[in-house]
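Enquirer: Here it is: the structure, laid out below.
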Amino acid sequence: MRPTSKTLRIAAGLIFATASAGSAAQAASDAARDAERTLRAGDSALQVSVIGVDDARRRAQLQDWLAEVAQAQLTAFGRYPLHSARVRIEQVAREAARDDESPVPWGQTLRRGDTAVLLFVRDDATPAELRADWTAIHELSHLFHPYMGRDGRWLSEGLASYYQNVLRARAGLLTPERAWELLDAGFGRGRRESSGAPLVELSRTHEGTMRVYWAGAAFWLQADVALRRDHATSLDAVLSKYSDCCLSGTGETAPAKFIAELDRLSGTKVFSSNYARLVQSRAFPPLDAVYRELGIMRRGDALAFDEGAESAALRRSIMRGAAEPAPAR
Ligand SMILES: [Zn+2]
């Protein structure tokens, strides 16, 4: 979910407003070209619907945009995490989203009956603006994990916040350097949350959003680095195994159970040891060690990147995806 509370209020209204109009519009547009496309990868499929858009050119534009984002999702492990899932794209008039300049003012993943990603796109958002936005890949990244309830929000929002940058870099939608800068900026926002409350409590009570999202992202970055550095595997590879054996798009899995499965599938204690350290943490986790491993340095307000062999290889392996072998040590 996008972490903007004012958008939440708009979107709640939108969902109600479109619920009744949506079914009539859907019937009318079902026969129309590009109202629906099915994207396939191996035995997995994403069914993408554009709802209530009369202009065929715009429908094609929105479908092409989503197809590119879905392609970015495939850089994790070559297929969609769920055997089948739906994406619904609706448009919002600029006036309805006037306090949110984002091209995609609202996105959400629903897990009732089946799994659906809802995306509300501003009707005047250009293809270039849509390509530059992170909401769609954030929501698609939520399909990699099971629903973990409120206690697991920091893990689920963290995974989506990590992958929204990593997967876009791999797909060429961002440069790797820009992806690191965006992650670093997110960590900065998380660090500024200073309530001193335990992470799991913020997660449960929907407070301290920036620490919930970005301490969560830091958790997955730390895990990914440890897996690649010490265990010749990666977060992508472990989530691929999880998708094969265990992932359900609906229902609820306890956070500790998900973490235990990831340990088992990786043959490591990387996930549970990081989890134990972070779940009750009252401040943002220190990232100095992981930045050193990755060869990321701060130069004033900017980041600099060490091109030394080991750190550069580790850093590039993350932003280049599963096809790249992890650097051996
Ligand atoms: Zn989210």
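As shown in the structure tokens, the chain order sets the letters A, B, ...; within each chain, residues go from 1, and ligands are also counted from 1 in the order they appear.
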Which of stretch 111-328 of chain A end up as strand (DSSP E or B) when DSSP is run on this backbone - answer as an NGL selection string?
Expert: :A and (111-112 or 114-122 or 296-299 or 302-305)
Enquirer: Identify, counting only C-alpha atoms and all ligand atoms, the protein, DNA and RNA residues located within 10 Å of ligand 1, and give them as a list of chain:residue names.
Expert: A:Met1, A:Arg2, A:Pro3, A:Gly107, A:Gln108, A:Thr109, A:Thr135, A:Ala136, A:Ile137, A:His138, A:Glu139, A:Leu140, A:Ser141, A:His142, A:Arg153, A:Trp154, A:Ser156, A:Glu157, A:Gly158, A:Leu159, A:Ala160, A:Ser161, A:Gln164, A:Tyr213
Enquirer: Grab the residues selected above and save them as a PDB file, in the first residue's frame with N, CA and C atoms.
Expert:
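Result file out-v3.pdb:
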```
ATOM      1  N   MET A   1       0.842  -1.184   0.000  1.00  0.00           N
ATOM      2  CA  MET A   1       0.000   0.000   0.000  1.00  0.00           C
ATOM      3  C   MET A   1       0.881   1.240   0.000  1.00  0.00           C
ATOM      4  N   ARG A   2       0.428   2.292  -0.675  1.00  0.00           N
ATOM      5  CA  ARG A   2       1.200   3.526  -0.651  1.00  0.00           C
ATOM      6  C   ARG A   2       1.055   4.183   0.711  1.00  0.00           C
ATOM      7  N   PRO A   3       2.147   4.692   1.280  1.00  0.00           N
ATOM      8  CA  PRO A   3       2.098   5.200   2.654  1.00  0.00           C
ATOM      9  C   PRO A   3       1.672   6.652   2.748  1.00  0.00           C
ATOM     10  N   GLY A 107      -2.800   2.744  -4.734  1.00  0.00           N
ATOM     11  CA  GLY A 107      -2.644   1.348  -5.113  1.00  0.00           C
ATOM     12  C   GLY A 107      -2.883   0.491  -3.893  1.00  0.00           C
ATOM     13  N   GLN A 108      -3.388  -0.702  -4.113  1.00  0.00           N
ATOM     14  CA  GLN A 108      -3.662  -1.588  -2.987  1.00  0.00           C
ATOM     15  C   GLN A 108      -3.699  -3.036  -3.473  1.00  0.00           C
ATOM     16  N   THR A 109      -3.290  -3.933  -2.615  1.00  0.00           N
ATOM     17  CA  THR A 109      -3.400  -5.354  -2.933  1.00  0.00           C
ATOM     18  C   THR A 109      -4.502  -5.952  -2.077  1.00  0.00           C
ATOM     19  N   THR A 135       4.518   3.100  -7.752  1.00  0.00           N
ATOM     20  CA  THR A 135       3.376   2.461  -7.073  1.00  0.00           C
ATOM     21  C   THR A 135       3.072   1.064  -7.621  1.00  0.00           C
ATOM     22  N   ALA A 136       3.068   0.918  -8.945  1.00  0.00           N
ATOM     23  CA  ALA A 136       2.649  -0.368  -9.520  1.00  0.00           C
ATOM     24  C   ALA A 136       3.624  -1.488  -9.159  1.00  0.00           C
ATOM     25  N   ILE A 137       4.912  -1.223  -9.245  1.00  0.00           N
ATOM     26  CA  ILE A 137       5.860  -2.292  -8.906  1.00  0.00           C
ATOM     27  C   ILE A 137       5.861  -2.552  -7.394  1.00  0.00           C
ATOM     28  N   HIS A 138       5.584  -1.518  -6.605  1.00  0.00           N
ATOM     29  CA  HIS A 138       5.430  -1.715  -5.158  1.00  0.00           C
ATOM     30  C   HIS A 138       4.283  -2.698  -4.899  1.00  0.00           C
ATOM     31  N   GLU A 139       3.143  -2.436  -5.515  1.00  0.00           N
ATOM     32  CA  GLU A 139       1.988  -3.317  -5.265  1.00  0.00           C
ATOM     33  C   GLU A 139       2.240  -4.727  -5.808  1.00  0.00           C
ATOM     34  N   LEU A 140       2.825  -4.837  -7.000  1.00  0.00           N
ATOM     35  CA  LEU A 140       3.116  -6.184  -7.531  1.00  0.00           C
ATOM     36  C   LEU A 140       4.097  -6.920  -6.618  1.00  0.00           C
ATOM     37  N   SER A 141       4.997  -6.182  -5.980  1.00  0.00           N
ATOM     38  CA  SER A 141       5.972  -6.822  -5.081  1.00  0.00           C
ATOM     39  C   SER A 141       5.305  -7.410  -3.834  1.00  0.00           C
ATOM     40  N   HIS A 142       4.138  -6.893  -3.492  1.00  0.00           N
ATOM     41  CA  HIS A 142       3.402  -7.494  -2.368  1.00  0.00           C
ATOM     42  C   HIS A 142       2.967  -8.932  -2.680  1.00  0.00           C
ATOM     43  N   ARG A 153       3.273  -6.051   9.009  1.00  0.00           N
ATOM     44  CA  ARG A 153       3.303  -4.951   8.028  1.00  0.00           C
ATOM     45  C   ARG A 153       4.720  -4.480   7.748  1.00  0.00           C
ATOM     46  N   TRP A 154       5.560  -4.432   8.773  1.00  0.00           N
ATOM     47  CA  TRP A 154       6.926  -3.934   8.533  1.00  0.00           C
ATOM     48  C   TRP A 154       7.685  -4.861   7.587  1.00  0.00           C
ATOM     49  N   SER A 156       6.112  -6.843   5.215  1.00  0.00           N
ATOM     50  CA  SER A 156       5.501  -6.797   3.886  1.00  0.00           C
ATOM     51  C   SER A 156       5.753  -5.446   3.213  1.00  0.00           C
ATOM     52  N   GLU A 157       5.562  -4.349   3.935  1.00  0.00           N
ATOM     53  CA  GLU A 157       5.828  -3.038   3.323  1.00  0.00           C
ATOM     54  C   GLU A 157       7.331  -2.865   3.067  1.00  0.00           C
ATOM     55  N   GLY A 158       8.136  -3.465   3.924  1.00  0.00           N
ATOM     56  CA  GLY A 158       9.582  -3.398   3.716  1.00  0.00           C
ATOM     57  C   GLY A 158      10.010  -4.124   2.454  1.00  0.00           C
ATOM     58  N   LEU A 159       9.428  -5.296   2.221  1.00  0.00           N
ATOM     59  CA  LEU A 159       9.790  -6.063   1.014  1.00  0.00           C
ATOM     60  C   LEU A 159       9.374  -5.290  -0.250  1.00  0.00           C
ATOM     61  N   ALA A 160       8.154  -4.734  -0.219  1.00  0.00           N
ATOM     62  CA  ALA A 160       7.684  -3.973  -1.388  1.00  0.00           C
ATOM     63  C   ALA A 160       8.533  -2.713  -1.589  1.00  0.00           C
ATOM     64  N   SER A 161       8.961  -2.082  -0.505  1.00  0.00           N
ATOM     65  CA  SER A 161       9.760  -0.850  -0.614  1.00  0.00           C
ATOM     66  C   SER A 161      11.175  -1.157  -1.113  1.00  0.00           C
ATOM     67  N   GLN A 164      10.673  -2.340  -4.909  1.00  0.00           N
ATOM     68  CA  GLN A 164      10.191  -1.311  -5.849  1.00  0.00           C
ATOM     69  C   GLN A 164      11.370  -0.598  -6.503  1.00  0.00           C
ATOM     70  N   TYR A 213       8.024   1.136   7.035  1.00  0.00           N
ATOM     71  CA  TYR A 213       8.366   0.810   5.649  1.00  0.00           C
ATOM     72  C   TYR A 213       9.871   0.627   5.465  1.00  0.00           C
TER      73      TYR A 213
END
```
Enquirer: Of the candidates A:Lys241, A:His83, A:Arg178, A:Arg229, which shows the shortest atom-to-atom distance to A:Phe305, using only C-alpha atoms?
Expert: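 Nearest candidate to A:Phe305 out of A:Lys241, A:His83, A:Arg178, A:Arg229: A:Arg178.
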Enquirer: Of the candidates A:Val270, A:Leu235, A:Val117, A:Ala223, which one gets nearest to A:Val290 if we count only C-alpha atoms?
Expert: A:Ala223
Enquirer: Can you pull out every residue within 9 Å of A:Pro127, counting only C-alpha atoms, but drop anything in the same chain fewer than 5 positions away, and send it as a ChimeraX atom specification?
Expert: /A:61-62,65,132
Enquirer: How far is it from atom CA of A:Ala254 to atom CA of A:Met148, in Å with one decimal?
Expert: 5.4 Å
